[in-house]
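Colleague: Right, I'll just put the structure down here and ask away after.
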Amino acid sequence: MEKKLKQKQRELECTRKRIRRLEENRGRANQAQKRRERLVTVSKRKRMGTLVETFLHRDDITTVINGKAGEMRKGGQIFRKRYLTDTMENLHKKFIGENPTLKISRSQFCKHRPFWIVSPRVTDRETCGCKIHENFNSKVKKLHQLGITRTMSSTEVVASSVCDAVDIDCMYNRCDKCKKATFPVEMNPNTKDNIVSWEEWVSRSTPVTKKHQDGSTSEFEVKNTILEKKFASIERLVDLTKEDLPRFCTHLYNIGHQFTRLKMLKDSLTEDQVVVHVDYSENYNCKWSKEIKDTHFGWSHQQYRNKTAFYLASTVPFLKGFKAVTWNFTEASHSKGAPDGVGGALKNLADRMVAYGTDIPDAHALMENLSKQTSVKLFEVTEEKITTSGELVPPSLKTVPGTMKVHQLVATEPGKIRTRDVSCFCSPSCDCFSPREFIFCPKEVEVEESHKKQDPTIEVGTWILVDYDGDLYPGSVTQVC
Ligand SMILES: [Zn+2]
Ligand SMILES: [Zn+2]
Ligand SMILES: [Zn+2]
């Protein structure tokens, strides 16, 4: 009996142990499961954070601020400031619109904004990001403050005045339905004719005298952009805002269109295509270490958009064996992306070197000094190279009509271009967005051709087009044998 009891007790003990072991195992499994779940949420949040951050760094969402004004220091690191192009509320809506499967609240969205991405404030600013944007924003904000418009967002003002903010006809003021429409205003009869003030960026030309080493002087004009206080009646402010609306709409459309099309082009490049991403927009003003002054002078930003550049772009690549070429411009005063960052970093590096006593009097010195400190590969375009390229350009080029509006140039044969207000890449010779055709046909060629029939001699220095295997090559005569 006693033996049996002991035996049962032992068995019971064993079963208890087994149960305990099983329970322990289950607990461990639960913990592991919980840990896994936690990891999934963390990585989900991290992924969402990365998505939001990437979105906020896009050039149609924020604008990079170069120069001293765009530096933010934290923990020994210099961060590049970026200005939001719209309110966080609207950007959140845009984000949701582009990513309909993702669920993110506005507060969560705002939490993922890095500290170097800030809203621009017109008043305490040293530099102007984009004049068109800031001057329109400034007026819209004032109208909202006065209770005349329901929104302080320029994008919403645009949306309320067109049928479709992504339709080029509406945004270019060509749509019959919304051509005459404008944004709604609520005027207060009790404050009629009251004077209000707001601020706008204005460009002023100032003549500058430059002294040369030999004692001679030369005068040139520099454009200076300054913040100016404006005064007018409320009614006038409303009119001015309405007057600016069509231009602002076109501007807004161009930014979005060029950004998305160029991104699509980059994402769909084939083996035999090449993209060169260039930023010509700013000069580095040469500096001597004794006189560091932050100059706010800007030379014309559009110098590269001219007939000579168009002519070279539509001829030189063919000499190098390309079969088609397209040159695309982002909307003026808006970030161009990667080159902006590289250029800005190099300029800041140069500034710091000057601050530590290095003289940078010319382009060669700039390149020499920078090369020692950066991994960016630098090339110097010498005066001779510019002269050589200049020799390819015929002396009397016709001006391309509407040059300032052009955002795309396409050439499938040398010297013959098609220009568009906005880019399209569906095929090199597509007819989307009403392209305008233009042929560079200098008078010299016609003269030369009629000459050839009567007199085969060609003079050195004359500009010619050579027909080689059906392709035309431009150049000037350097030697007659
Ligand atoms: Zn702008
Ligand atoms: Zn419309
Ligand atoms: Zn097309």
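Ordering of the structure tokens sets the chain letters (A, B, ...), residue numbers begin anew at 1 in every chain, and ligands are numbered from 1 in the order given.
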Using only C-alpha atoms, which residues sit within 8 Å of Lys230 of chain A once same-chain residues fewer than 5 positions away are excluded, as a count of residues only?
Modeller: 4
Colleague: Would you list the residues that come within 8 Å of ligand 2? Count only C-alpha atoms and all ligand atoms and give the answer as a count of residues only.
Modeller: 14
Colleague: Could you tell me how far atom CA of Val400 of chain A lies from atom CA of Glu413 of chain A, in Å and to one decimal?
Modeller: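 Computing it gives 16.6 Å between the two atoms.
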Colleague: Could you name the residues that touch segment 70-81 of chain A at 6 Å or less, counting only C-alpha atoms, but leaving out those on the same chain fewer than 2 positions away, as a PyMOL selection string?
Modeller: chain A and resi 65-68+116-117
Colleague: Considering only C-alpha atoms, return as a list of chain:residue names whatever protein or nucleic-acid residues lie within 12 Å of Lys94 of chain A, sequence-local ones (same chain, fewer than 5 positions apart) excluded.
Modeller: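 Listing them by chain and then by number gives A:Val52, A:Phe55, A:Leu56, A:Asp60, A:Ile61, A:Asp86, A:Thr87, A:Met88, A:Glu89, A:Asn99, A:Pro100, A:Arg106, A:Phe109, A:Thr155.
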Colleague: Could you turn the residues from that selection into a file that holds C-alpha atoms, as a PDB file, in the first residue's frame?
Modeller:
ATOM      1  CA  VAL A  52       7.834  60.598 -45.050  1.00  0.00           C
ATOM      2  CA  PHE A  55       8.842  62.686 -49.471  1.00  0.00           C
ATOM      3  CA  LEU A  56       9.755  65.839 -47.527  1.00  0.00           C
ATOM      4  CA  ASP A  60       8.631  69.742 -55.428  1.00  0.00           C
ATOM      5  CA  ILE A  61       7.868  69.572 -51.692  1.00  0.00           C
ATOM      6  CA  ASP A  86       3.136  74.351 -48.590  1.00  0.00           C
ATOM      7  CA  THR A  87       1.592  73.858 -45.152  1.00  0.00           C
ATOM      8  CA  MET A  88       2.187  70.523 -43.384  1.00  0.00           C
ATOM      9  CA  GLU A  89      -1.586  69.992 -43.505  1.00  0.00           C
ATOM     10  CA  ASN A  99       0.169  56.580 -50.964  1.00  0.00           C
ATOM     11  CA  PRO A 100      -3.484  55.566 -50.559  1.00  0.00           C
ATOM     12  CA  ARG A 106      -1.356  64.228 -39.537  1.00  0.00           C
ATOM     13  CA  PHE A 109       3.243  62.700 -40.322  1.00  0.00           C
ATOM     14  CA  THR A 155      -2.144  76.017 -53.272  1.00  0.00           C
TER      15      THR A 155
END
Colleague: Which chain A residues have any atom within 6 Å of an atom of ligand 1, and for each, what is the nearest pair of atoms with distance in Å to one decimal, counting only C-alpha atoms and all ligand atoms, rows sorted by chain and number, as a Markdown table?
Modeller:
| residue | atom | partner | partner_atom_place_in_ligand_line | distance |
| --- | --- | --- | --- | --- |
| A:Cys130 | CA | ligand 1 | 1 (Zn) | 4.5 |
| A:Ile132 | CA | ligand 1 | 1 (Zn) | 5.2 |
| A:His133 | CA | ligand 1 | 1 (Zn) | 4.1 |
